[in-house]
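Report on one structure; see the data block that follows.
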Amino acid sequence: MTATLRTDPPFGIDALGFAESRLSPAARAALHRLDDVLAREVRPLLAEAWETATLPAAVLGSLIPLDLMRPEGVDAAEAGSSMFSGFRNYVLARTDVSVATAYNAQSGLFRTTVRLGGSPEQVAALDSRIAGFEVRGTFALTEPEHGSDIAGGLATTARRDGDGWVIDGAKRWIGGAGTADLLAVFARDVADGRVKVFLVPRDAEGVHLTRIERKVSLRPMQNFDIVLDGVRVDEESRLQRVDGWRDVARILRAMRSDVAWIATGLQAGALDAAVRYVTEREQFGRPLGGFQLVQEKLARMLGNLTSSLGIVTQLSAIQDGGDFRDENSALAKMQTARLARETVALAREVQGGNGIVLDNDAARFFADAEAVYSYEGTHEMTALIVGRALTGTSAFA
C-alpha cells in the first residue's frame with residue numbers, strides 16, 4: 001500500500017492537518033473560495049507580472065469582491081482573528097508573495113495601524129471602508145537612512161502650525177503607495193520628540209512618489225520612495241492613540257506575525273512547485289520523483305514547512321488569547337524566514353536548470369525568500385530580540 005500525505009486545496013500539503021484543526025468549516029470554505037479565484041484568475045497572470053515588474057489591477061480586482069476581511073458565513077470574531085488572517089496570508093503567499101504583500105499592505109499594515117492607533121471615532125469612520133477597500137492605504141515607516149534603527153533614528157518631522165501640522169521628510173520601500181488614498185506616515189513631533197502617525201492624502205501638495213525600479217525580489221509589488229516637502233494636514237488626520245514609540249511598538253507587535261505566515265506560505269508554494277515538477281519530469285527513463293536524492297530533498301522541504309506551520313499556528317493561538325510578546329513574534333519570523341531560504345533553494349535545485357524559469361514557479365519563491373528574510377525585522381534584529389528575552393540583557397548597539 002502506498003501512503004499519501006494529507007492535502008487540502010487552499011493549504012497544499014498540510015501533513016499534520018493544522019488548518020483542519022485550527023479553522024472552522026466556514027473559515028476553511030472562505031479560503032477554498034479564495035484559492036479557487038487565485039487558481040483561475042491570478043496564477044495565469046504571474047509569469048508576465050514578474051517579467052514586466054507590474055502588478056495587474058486584475059489581481060486585487062479579483063480579490064476585493066471576496067471580502068476576505070469579513071467573509072460571508074464566518075463568525076466576526078474568527079474573521080478578525082490572528083489565526084484566520086494568518087491562514088489568509090498563507091494561502092495568498094502560496095500563490096505569490098507579491099500578491100500576499102499587496103493584500104496585507106491593506107488588511108494588515110494599514111488596517112491595524114488605524115484600528116490600534118485611531119480614536120474610537122476614527123476607527124468607526126474608517127475601518128469598514130478599509131475592510132471593503134473603499135479607502136485604500138499604506139504604511140509609511142521605513143526611511144532611506146533608517147530601517148533597523150528606525151525607533152531611535154526616525155527623521156521625518158511633524159511641526160504644529162496653528163490648527164494643523166506640517167510634515168517634512170522621506171520614506172522608502174512603501175508598498176502600494178501609488179494606488180493608496182491615504183499614507184499612514186510616522187513622523188517625530190519637533191516639540192516633544194515623540195513619534196506620531198498622520199493619515200496623509202497621497203495627492204496632497206508636497207507629496208512626491210517615485211517607484212523603486214530594478215528589484216530582483218517582489219517584482220510585481222510596487223514599492224515607492226516618498227518625499228514629504230512641507231505637507232500640511234489637519235489635526236483630525238493625526239491618529240489620536242499614538243503618542244510615542246511605545247504606541248508604535250504596540251501596533252508593530254500586533255501585526256508582526258503576518259510576515260511569519262507569509263514566510264510559511266511561500267514554502268508551501270515552493271513545495272507544490274517541486275512536487276509537481278518531479279512527478280511530471282522524466283530523466284533516465286523514470287520520473288525524477290522516483291530518485292532517492294530527490295525524495296530526500298522533498299522530505300526536508302516538507303519538514304521545514306510543517307515546522308513553520310507549527311510555529312505560526314501556535315503563535316496566532318497565543319495572540320488570539322491576548323498575549324502579544326515581541327520575543328514570540330521575533331522568534332517566529334526569524335525561524336520561518338530562515339527555513340524558507342532552505343526550502344526554496346531545494347525547490348529550485350530539484351528542478352535543475354528549469355528551476356530558474358518563471359513558468360515552473362520555484363524561481364519566484366526562490367527570489368522572494370530573500371526579501372522576506374530581511375523585511376519587517378532582519379534575521380539579526382529578530383535574533384537580538386529573542387536573545388534579550390533569553391538572557392535578560394540587551395545586546396542592541
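Starting from 1 in every chain, residues are counted up; chains themselves are A, B, ... following the order of the C-alpha cells, and ligands are numbered from 1 as listed.
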How would you write, as an MDAnalysis selection string, the set of residues in stretch 56-180 of chain A that DSSP gives as strand (DSSP E or B)? chainID A and resid 137:140 143 146 157:161 164:175
Please dump the current selection as a PDB file, in the first residue's frame; keep N, CA and C atoms.
ATOM      1  N   GLY A 137      -5.059  52.299   1.703  1.00  0.00           N
ATOM      2  CA  GLY A 137      -3.980  52.956   2.438  1.00  0.00           C
ATOM      3  C   GLY A 137      -2.717  52.136   2.440  1.00  0.00           C
ATOM      4  N   THR A 138      -1.663  52.741   2.954  1.00  0.00           N
ATOM      5  CA  THR A 138      -0.396  52.051   3.077  1.00  0.00           C
ATOM      6  C   THR A 138       0.333  52.555   4.310  1.00  0.00           C
ATOM      7  N   PHE A 139       1.403  51.864   4.647  1.00  0.00           N
ATOM      8  CA  PHE A 139       2.115  52.033   5.913  1.00  0.00           C
ATOM      9  C   PHE A 139       3.480  52.626   5.603  1.00  0.00           C
ATOM     10  N   ALA A 140       3.738  53.838   6.077  1.00  0.00           N
ATOM     11  CA  ALA A 140       4.960  54.557   5.702  1.00  0.00           C
ATOM     12  C   ALA A 140       5.808  54.827   6.938  1.00  0.00           C
ATOM     13  N   GLU A 143      12.583  54.550   6.332  1.00  0.00           N
ATOM     14  CA  GLU A 143      13.147  55.734   5.684  1.00  0.00           C
ATOM     15  C   GLU A 143      14.413  55.369   4.912  1.00  0.00           C
ATOM     16  N   HIS A 146      17.067  54.892   7.517  1.00  0.00           N
ATOM     17  CA  HIS A 146      16.701  54.268   8.794  1.00  0.00           C
ATOM     18  C   HIS A 146      15.742  53.113   8.552  1.00  0.00           C
ATOM     19  N   THR A 157       9.801  64.655  10.250  1.00  0.00           N
ATOM     20  CA  THR A 157       9.329  65.524  11.332  1.00  0.00           C
ATOM     21  C   THR A 157       7.914  66.032  11.084  1.00  0.00           C
ATOM     22  N   ALA A 158       7.243  66.328  12.171  1.00  0.00           N
ATOM     23  CA  ALA A 158       5.925  66.962  12.143  1.00  0.00           C
ATOM     24  C   ALA A 158       5.980  68.175  13.063  1.00  0.00           C
ATOM     25  N   ARG A 159       5.583  69.313  12.529  1.00  0.00           N
ATOM     26  CA  ARG A 159       5.626  70.560  13.293  1.00  0.00           C
ATOM     27  C   ARG A 159       4.222  71.145  13.381  1.00  0.00           C
ATOM     28  N   ARG A 160       3.788  71.438  14.614  1.00  0.00           N
ATOM     29  CA  ARG A 160       2.454  72.020  14.805  1.00  0.00           C
ATOM     30  C   ARG A 160       2.438  73.424  14.225  1.00  0.00           C
ATOM     31  N   ASP A 161       1.409  73.719  13.442  1.00  0.00           N
ATOM     32  CA  ASP A 161       1.269  75.028  12.806  1.00  0.00           C
ATOM     33  C   ASP A 161      -0.199  75.429  12.862  1.00  0.00           C
ATOM     34  N   GLY A 164      -3.182  72.830  12.491  1.00  0.00           N
ATOM     35  CA  GLY A 164      -2.745  71.641  11.764  1.00  0.00           C
ATOM     36  C   GLY A 164      -1.282  71.331  11.989  1.00  0.00           C
ATOM     37  N   TRP A 165      -0.720  70.568  11.048  1.00  0.00           N
ATOM     38  CA  TRP A 165       0.653  70.103  11.137  1.00  0.00           C
ATOM     39  C   TRP A 165       1.337  70.264   9.792  1.00  0.00           C
ATOM     40  N   VAL A 166       2.668  70.428   9.846  1.00  0.00           N
ATOM     41  CA  VAL A 166       3.485  70.452   8.637  1.00  0.00           C
ATOM     42  C   VAL A 166       4.486  69.312   8.735  1.00  0.00           C
ATOM     43  N   ILE A 167       4.522  68.457   7.714  1.00  0.00           N
ATOM     44  CA  ILE A 167       5.359  67.251   7.729  1.00  0.00           C
ATOM     45  C   ILE A 167       6.448  67.376   6.673  1.00  0.00           C
ATOM     46  N   ASP A 168       7.674  67.055   7.090  1.00  0.00           N
ATOM     47  CA  ASP A 168       8.829  67.060   6.179  1.00  0.00           C
ATOM     48  C   ASP A 168       9.624  65.779   6.399  1.00  0.00           C
ATOM     49  N   GLY A 169      10.089  65.204   5.309  1.00  0.00           N
ATOM     50  CA  GLY A 169      10.921  64.010   5.440  1.00  0.00           C
ATOM     51  C   GLY A 169      10.833  63.118   4.228  1.00  0.00           C
ATOM     52  N   ALA A 170      11.286  61.883   4.386  1.00  0.00           N
ATOM     53  CA  ALA A 170      11.310  60.928   3.274  1.00  0.00           C
ATOM     54  C   ALA A 170      11.058  59.528   3.808  1.00  0.00           C
ATOM     55  N   LYS A 171      10.414  58.713   2.988  1.00  0.00           N
ATOM     56  CA  LYS A 171      10.136  57.317   3.306  1.00  0.00           C
ATOM     57  C   LYS A 171      10.605  56.444   2.151  1.00  0.00           C
ATOM     58  N   ARG A 172      10.890  55.173   2.448  1.00  0.00           N
ATOM     59  CA  ARG A 172      11.381  54.258   1.410  1.00  0.00           C
ATOM     60  C   ARG A 172      10.749  52.872   1.584  1.00  0.00           C
ATOM     61  N   TRP A 173      10.646  52.171   0.472  1.00  0.00           N
ATOM     62  CA  TRP A 173      10.094  50.816   0.429  1.00  0.00           C
ATOM     63  C   TRP A 173       8.624  50.784   0.813  1.00  0.00           C
ATOM     64  N   ILE A 174       7.885  51.805   0.422  1.00  0.00           N
ATOM     65  CA  ILE A 174       6.481  51.875   0.821  1.00  0.00           C
ATOM     66  C   ILE A 174       5.627  51.165  -0.233  1.00  0.00           C
ATOM     67  N   GLY A 175       5.171  49.978   0.118  1.00  0.00           N
ATOM     68  CA  GLY A 175       4.424  49.147  -0.819  1.00  0.00           C
ATOM     69  C   GLY A 175       3.011  49.651  -1.041  1.00  0.00           C
TER      70      GLY A 175
END
What parts of stretch 225-380 of chain A does DSSP call helix (DSSP H, G or I)? I'd like the answer as a PyMOL selection string. chain A and resi 235-237+245-255+257-280+288-290+292-320+326-350+352-356+358-360+362-374+379-380
Could you pull the residues within 8 Å of A:Val195, counting only C-alpha atoms, minus those fewer than 2 positions along the same chain, as a PDB file with N, CA and C atoms, in the first residue's frame?
ATOM      1  N   PHE A 186       4.596  57.998   9.655  1.00  0.00           N
ATOM      2  CA  PHE A 186       5.140  58.095  11.008  1.00  0.00           C
ATOM      3  C   PHE A 186       6.153  59.237  11.022  1.00  0.00           C
ATOM      4  N   ALA A 187       5.970  60.166  11.947  1.00  0.00           N
ATOM      5  CA  ALA A 187       6.826  61.347  11.999  1.00  0.00           C
ATOM      6  C   ALA A 187       7.082  61.727  13.451  1.00  0.00           C
ATOM      7  N   ARG A 188       8.221  62.376  13.675  1.00  0.00           N
ATOM      8  CA  ARG A 188       8.600  62.794  15.027  1.00  0.00           C
ATOM      9  C   ARG A 188       8.179  64.244  15.259  1.00  0.00           C
ATOM     10  N   ASP A 189       7.413  64.468  16.305  1.00  0.00           N
ATOM     11  CA  ASP A 189       6.958  65.812  16.682  1.00  0.00           C
ATOM     12  C   ASP A 189       8.177  66.614  17.150  1.00  0.00           C
ATOM     13  N   GLY A 193       9.496  65.483  20.612  1.00  0.00           N
ATOM     14  CA  GLY A 193      10.332  64.365  20.209  1.00  0.00           C
ATOM     15  C   GLY A 193       9.600  63.038  20.104  1.00  0.00           C
ATOM     16  N   VAL A 197       1.505  59.504  14.196  1.00  0.00           N
ATOM     17  CA  VAL A 197       1.106  58.974  12.890  1.00  0.00           C
ATOM     18  C   VAL A 197       0.045  59.879  12.294  1.00  0.00           C
ATOM     19  N   VAL A 242      -1.684  57.383  19.164  1.00  0.00           N
ATOM     20  CA  VAL A 242      -0.235  57.194  19.001  1.00  0.00           C
ATOM     21  C   VAL A 242       0.463  58.456  19.477  1.00  0.00           C
ATOM     22  N   ASP A 243       1.230  58.320  20.550  1.00  0.00           N
ATOM     23  CA  ASP A 243       1.946  59.474  21.100  1.00  0.00           C
ATOM     24  C   ASP A 243       3.295  59.022  21.648  1.00  0.00           C
ATOM     25  N   GLY A 244       4.054  58.344  20.803  1.00  0.00           N
ATOM     26  CA  GLY A 244       5.373  57.886  21.217  1.00  0.00           C
ATOM     27  C   GLY A 244       5.678  56.505  20.671  1.00  0.00           C
ATOM     28  N   TRP A 245       6.947  56.112  20.770  1.00  0.00           N
ATOM     29  CA  TRP A 245       7.351  54.833  20.196  1.00  0.00           C
ATOM     30  C   TRP A 245       6.694  53.655  20.889  1.00  0.00           C
ATOM     31  N   VAL A 248       3.744  52.933  18.928  1.00  0.00           N
ATOM     32  CA  VAL A 248       4.119  52.344  17.638  1.00  0.00           C
ATOM     33  C   VAL A 248       4.483  50.872  17.834  1.00  0.00           C
TER      34      VAL A 248
END
Give me the residues within 8 Å of A:Gly176 as a PyMOL selection string, counting only C-alpha atoms and dropping any in the same chain fewer than 3 places off. chain A and resi 102+105+137-138+179-180+221-224
Selection from above, N, CA and C atoms, as a PDB file, in the first residue's frame, can you write it?
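As a result, again_34.pdb now contains:
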ATOM      1  N   ALA A 102       0.784  42.658  -1.259  1.00  0.00           N
ATOM      2  CA  ALA A 102      -0.108  43.723  -1.709  1.00  0.00           C
ATOM      3  C   ALA A 102      -1.411  43.713  -0.925  1.00  0.00           C
ATOM      4  N   ALA A 105      -0.763  44.717   2.780  1.00  0.00           N
ATOM      5  CA  ALA A 105      -0.498  46.148   2.984  1.00  0.00           C
ATOM      6  C   ALA A 105      -1.763  46.867   3.423  1.00  0.00           C
ATOM      7  N   GLY A 137      -5.059  52.299   1.703  1.00  0.00           N
ATOM      8  CA  GLY A 137      -3.980  52.956   2.438  1.00  0.00           C
ATOM      9  C   GLY A 137      -2.717  52.136   2.440  1.00  0.00           C
ATOM     10  N   THR A 138      -1.663  52.741   2.954  1.00  0.00           N
ATOM     11  CA  THR A 138      -0.396  52.051   3.077  1.00  0.00           C
ATOM     12  C   THR A 138       0.333  52.555   4.310  1.00  0.00           C
ATOM     13  N   THR A 179      -1.210  53.484  -5.407  1.00  0.00           N
ATOM     14  CA  THR A 179      -2.662  53.344  -5.536  1.00  0.00           C
ATOM     15  C   THR A 179      -3.395  53.652  -4.233  1.00  0.00           C
ATOM     16  N   ALA A 180      -2.666  54.094  -3.222  1.00  0.00           N
ATOM     17  CA  ALA A 180      -3.285  54.381  -1.923  1.00  0.00           C
ATOM     18  C   ALA A 180      -4.001  55.732  -1.941  1.00  0.00           C
ATOM     19  N   MET A 221       5.247  43.571  -6.918  1.00  0.00           N
ATOM     20  CA  MET A 221       4.857  44.507  -5.864  1.00  0.00           C
ATOM     21  C   MET A 221       5.455  45.879  -6.143  1.00  0.00           C
ATOM     22  N   GLN A 222       4.621  46.900  -6.101  1.00  0.00           N
ATOM     23  CA  GLN A 222       5.072  48.255  -6.408  1.00  0.00           C
ATOM     24  C   GLN A 222       5.488  48.965  -5.125  1.00  0.00           C
ATOM     25  N   ASN A 223       6.787  49.166  -4.971  1.00  0.00           N
ATOM     26  CA  ASN A 223       7.337  49.879  -3.814  1.00  0.00           C
ATOM     27  C   ASN A 223       7.783  51.280  -4.228  1.00  0.00           C
ATOM     28  N   PHE A 224       7.696  52.217  -3.310  1.00  0.00           N
ATOM     29  CA  PHE A 224       7.949  53.623  -3.638  1.00  0.00           C
ATOM     30  C   PHE A 224       8.857  54.300  -2.629  1.00  0.00           C
TER      31      PHE A 224
END
Fewer than 2 positions away in the same chain doesn't count, so skip those; otherwise give me all residues within 7 Å of A:Gln106, counting only C-alpha atoms, as a ChimeraX atom specification. /A:103-104,108-111,136-138
Could you save those same residues with C-alpha atoms as an mmCIF file, in the first residue's frame?
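See again27.cif below for the written result:
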data_model
loop_
_atom_site.group_PDB
_atom_site.id
_atom_site.type_symbol
_atom_site.label_atom_id
_atom_site.label_comp_id
_atom_site.auth_asym_id
_atom_site.auth_seq_id
_atom_site.Cartn_x
_atom_site.Cartn_y
_atom_site.Cartn_z
ATOM 1 C CA TYR A 103 -3.213 42.449 0.061
ATOM 2 C CA ASN A 104 -1.608 42.542 3.504
ATOM 3 C CA GLY A 108 -2.620 44.032 7.924
ATOM 4 C CA LEU A 109 -0.330 47.042 7.967
ATOM 5 C CA PHE A 110 -2.751 49.878 7.203
ATOM 6 C CA ARG A 111 -5.886 48.499 8.837
ATOM 7 C CA ARG A 136 -7.017 52.298 0.324
ATOM 8 C CA GLY A 137 -3.980 52.956 2.438
ATOM 9 C CA THR A 138 -0.396 52.051 3.077
#
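Distances to A:Leu16 were evaluated for A:Asn328, A:Gln335, A:Thr306, A:Thr391 using only C-alpha atoms, and the minimum falls at A:Thr306.
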Which residues, written as a ChimeraX atom specification, have at least one atom at most 9 Å from stretch 65-70 of chain A, with only C-alpha atoms counted and residues fewer than 5 positions away on the same chain left out? /A:30-31,33-34,37,60,75-76,79-80,85,88,107,131-133
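Relative to atom CA of A:Gly387, atom CA of A:Arg341 is found at 21.6 Å.
Relative to atom CA of A:Arg388, atom CA of A:Leu315 is found at 18.8 Å.
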Show which residues sit within 10 Å of A:Leu46, as a short mmCIF file (atom, residue, chain, number, x, y, z; two decimals) with C-alpha atoms, in the first residue's frame. Count only C-alpha atoms, and ignore same-chain residues fewer than 2 positions away.
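Below is the file that was written, part.cif:
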data_model
loop_
_atom_site.label_atom_id
_atom_site.label_comp_id
_atom_site.auth_asym_id
_atom_site.auth_seq_id
_atom_site.Cartn_x
_atom_site.Cartn_y
_atom_site.Cartn_z
CA GLU A 41 -7.79 34.47 -12.20
CA VAL A 42 -4.45 35.29 -10.55
CA ARG A 43 -1.96 32.47 -11.22
CA PRO A 44 -2.24 32.83 -15.02
CA GLU A 48 4.00 38.11 -17.13
CA ALA A 49 3.67 40.22 -13.98
CA TRP A 50 7.14 39.08 -12.92
CA GLU A 51 8.61 39.56 -16.37
CA THR A 52 7.31 43.12 -16.60
CA ALA A 53 7.56 44.03 -12.89
CA THR A 54 3.93 45.11 -12.80
CA LEU A 55 1.00 44.18 -10.60
CA PRO A 56 -2.08 43.91 -12.84
CA VAL A 59 -5.10 40.86 -9.09
CA THR A 95 0.33 31.58 -4.83
CA ASP A 96 2.79 34.50 -4.81
CA SER A 98 3.79 39.92 -4.02
CA VAL A 99 0.09 39.06 -4.08
CA PRO A 220 5.21 42.67 -9.19
CA LEU A 358 9.23 31.59 -14.20
CA ASP A 359 6.84 29.08 -15.74
CA ASP A 361 7.20 28.70 -10.23
CA ARG A 364 9.58 33.26 -7.92
#
Correct to one decimal, the distance atom CA of A:Gly86-atom CA of A:Trp261 is 5.6 Å
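With only C-alpha atoms as the atoms that count, the residue of A:Ala369, A:Val294, A:Leu209, A:Leu183 with the shortest distance to A:Thr264 is A:Ala369.
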